[in-house]
Amino acid sequence: MSSESPVLQVDLDEDDFHITVRNSLRRRPRSIPPKFFYDARGSELFDLICTTPEYYLTRAESGILDEFGAEMAGRIGTSCVLIELGSGSAGKTPLLLRHLSDQAAYVPIDICKPLLLPSTQRLSTMFPEMHMHPLCADYTRLPSVNLDGYADRRRVIFFPGSSIGNCTPVEAMQLLRHAAQLVGANSAMLIGVDSKKSPAVLNAAYNDAAGYTAAFNLNLLARMQRELGAKLELDGFAHYAFYNAAMGRIEMHLVSRKRQRICLDDEVFHFDEGETMHTENSYKYTVHEFQQLAWAAGWHPKMLWTDRDGLFNVHYLSLSSSEPVFPHRQGR
Ligand code: AVI
């Protein structure tokens, strides 16, 4: 990261968590958007989830990027401006960056500032010539990105990890549409999408034996205590995740183990035993389902890479209809 490129912060509303939690507690059924998982502790726990044997997503996607990164770089253009949505600790990013030229620029966008700075610094050490412009923002509200100085470069959105699955299909389409407006004509996107598979595999991935996913989910309550002064009993809630086949999604909830209450400011919120707070959806898509979604949002699916076991897909989407379609590639 050059010294002219400090972390820019846009559009982060400090009261967002407070207001959202209060409104969610007032409503029934209760639900909180998953973006609030990612404080410093939550981001750390998410990285631990990615190392578990059950959470195949990271391994499968890393394998695809490792094997096909050069091919992907050829598709997107090696001198592009790569804008990564929800970059987090950017563990997989070098698998793509190593195939880009020194003329390329990298714009990581993440909601968690304590993670964004060190991860960008780590990448700058690995790719010292590449210009990097970290942006601390909520990508679900896609800020406009100032790319003056790169007018002649192709803009490419990199959205790995199947984070698109954390949106409902309608929200996902809106996000893809906004992304298209953000980057403009002739731009492209590389997006990682988890595929539908056996419920046993999916259920295990969100109920790892080490308990990191449970801790990640429960951290939301700990965050309410730490940041909002909420009065609640952490042990009074349990992690609950299951595959809802009819909806094609993993659902994560915090389920109340007993009749109890949460106090926030001067309001008291009652929970019955078994009542849940819905904390995350993680939608899974067949190739066809995701391509339909991309089409509806104005993108043209042009290529697809899959791991050997068919667990995960990386789609190459373009805003240019005239670009050729390339054959699907599957890992060895
Ligand atoms: C970031 N996102 C794609 C993860 C997922 O699989 O939905 C978050 C996660 N939740 C539980 N485990 C991982």
# chains A, B, ... in the order shown; residues from 1 in each chain; ligands from 1
$ residues_near_ligand --ligand "ligand 1" --cutoff "10 Å" --atoms "only C-alpha atoms and all ligand atoms" --output "NGL selection string"
:A and (34-35 or 37-38 or 43 or 45-50 or 55-58 or 86 or 88 or 160-167 or 192-194 or 202 or 205-208 or 212-217 or 241 or 249-252 or 279-284)
$ residues_around --residues "Ala230 of chain A" --least-positions-apart "5" --cutoff "6 Å" --atoms "only C-alpha atoms" --output "mmCIF file with C-alpha atoms, in the first residue's frame"
data_model
loop_
_atom_site.group_PDB
_atom_site.id
_atom_site.type_symbol
_atom_site.label_atom_id
_atom_site.label_comp_id
_atom_site.auth_asym_id
_atom_site.auth_seq_id
_atom_site.Cartn_x
_atom_site.Cartn_y
_atom_site.Cartn_z
ATOM 1 C CA MET A 224 -24.431 -6.655 22.036
ATOM 2 C CA GLN A 225 -23.092 -6.836 25.596
ATOM 3 C CA CYS A 263 -32.552 -5.653 28.376
ATOM 4 C CA LEU A 264 -31.375 -2.968 25.991
#
$ atom_distance --atom1 "atom CA of Arg257 of chain A" --atom2 "atom CA of Gly236 of chain A"
5.4 Å
$ residues_around --residues "Phe159 of chain A" --least-positions-apart "2" --cutoff "6 Å" --atoms "only C-alpha atoms" --output "PyMOL selection string"
chain A and resi 84-85+191
$ residues_around --residues "segment 168-177 of chain A" --least-positions-apart "3" --cutoff "7 Å" --atoms "only C-alpha atoms" --output "count of residues only"
7
$ atom_distance --atom1 "atom CA of Leu95 of chain A" --atom2 "atom CA of Ala188 of chain A"
18.1 Å
$ select_by_dssp --residues "segment 221-250 of chain A" --states "strand (DSSP E or B)" --output "JSON, numbers by chain"
{"A": [231, 237, 238, 239, 240, 241, 242, 243, 244, 249, 250]}
$ write_last_selection --atoms "N, CA, C and O atoms" --output "short mmCIF file (atom, residue, chain, number, x, y, z; two decimals), in the first residue's frame"
data_model
loop_
_atom_site.label_atom_id
_atom_site.label_comp_id
_atom_site.auth_asym_id
_atom_site.auth_seq_id
_atom_site.Cartn_x
_atom_site.Cartn_y
_atom_site.Cartn_z
N LYS A 231 -28.08 -6.28 28.50
CA LYS A 231 -28.03 -7.23 29.63
C LYS A 231 -28.69 -8.52 29.17
O LYS A 231 -29.88 -8.54 28.86
N PHE A 237 -28.51 -18.94 25.44
CA PHE A 237 -28.80 -19.14 24.01
C PHE A 237 -27.87 -20.20 23.43
O PHE A 237 -26.75 -20.38 23.91
N ALA A 238 -28.35 -20.88 22.40
CA ALA A 238 -27.54 -21.92 21.75
C ALA A 238 -27.51 -21.69 20.24
O ALA A 238 -28.46 -21.13 19.66
N HIS A 239 -26.41 -22.12 19.64
CA HIS A 239 -26.26 -22.08 18.18
C HIS A 239 -27.14 -23.15 17.54
O HIS A 239 -27.19 -24.28 18.02
N TYR A 240 -27.83 -22.79 16.47
CA TYR A 240 -28.69 -23.75 15.77
C TYR A 240 -28.57 -23.47 14.28
O TYR A 240 -28.88 -22.35 13.82
N ALA A 241 -28.06 -24.44 13.52
CA ALA A 241 -27.92 -24.27 12.06
C ALA A 241 -28.41 -25.53 11.36
O ALA A 241 -28.10 -26.64 11.79
N PHE A 242 -29.17 -25.35 10.29
CA PHE A 242 -29.69 -26.51 9.56
C PHE A 242 -29.94 -26.13 8.11
O PHE A 242 -30.15 -24.95 7.79
N TYR A 243 -29.93 -27.15 7.24
CA TYR A 243 -30.22 -26.91 5.82
C TYR A 243 -31.73 -26.95 5.60
O TYR A 243 -32.37 -27.97 5.88
N ASN A 244 -32.27 -25.87 5.10
CA ASN A 244 -33.69 -25.80 4.76
C ASN A 244 -33.78 -26.07 3.25
O ASN A 244 -33.54 -25.19 2.42
N ARG A 249 -31.28 -23.19 1.44
CA ARG A 249 -30.35 -22.38 2.24
C ARG A 249 -30.07 -23.00 3.60
O ARG A 249 -30.92 -23.68 4.17
N ILE A 250 -28.88 -22.74 4.08
CA ILE A 250 -28.56 -22.99 5.49
C ILE A 250 -29.17 -21.83 6.27
O ILE A 250 -29.04 -20.67 5.86
#
$ residues_around --residues "Val81 of chain A" --least-positions-apart "2" --cutoff "12 Å" --atoms "only C-alpha atoms" --output "PyMOL selection string"
chain A and resi 73+76-79+83-84+97+100-108+130-133+145-158+183+187-189
$ closest_residue --among "A:Leu218, A:Cys112, A:Leu65, A:Ile262" --to "His315 of chain A" --atoms "only C-alpha atoms"
A:Leu65
$ closest_residue --among "A:Arg141, A:Arg332, A:Lys197, A:Arg30" --to "Thr286 of chain A" --atoms "only C-alpha atoms"
A:Lys197
$ select_by_dssp --residues "segment 154-307 of chain A" --states "helix (DSSP H, G or I)" --output "PyMOL selection string"
chain A and resi 163-166+169-183+199-205+212-228+234-236+287-296
$ closest_residue --among "A:His328, A:Arg27, A:Arg75, A:His178" --to "His99 of chain A" --atoms "only C-alpha atoms"
A:Arg75
$ closest_residue --among "A:Val325, A:Leu115, A:Leu317, A:Ile109" --to "Leu190 of chain A" --atoms "only C-alpha atoms"
A:Leu317
$ residues_around --residues "Glu227 of chain A" --least-positions-apart "3" --cutoff "12 Å" --atoms "only C-alpha atoms" --output "ChimeraX atom specification"
/A:14-18,21,36,39,219-224,230-231,264-265
$ atom_distance --atom1 "atom CA of Gln121 of chain A" --atom2 "atom CA of Pro134 of chain A"
9.7 Å
$ closest_residue --among "A:Glu71, A:Leu254, A:Ser195, A:Phe271" --to "Tyr285 of chain A" --atoms "only C-alpha atoms"
A:Ser195
$ residues_around --residues "Asp138 of chain A" --least-positions-apart "3" --cutoff "7 Å" --atoms "only C-alpha atoms" --output "PyMOL selection string"
chain A and resi 12+110-111+141-142
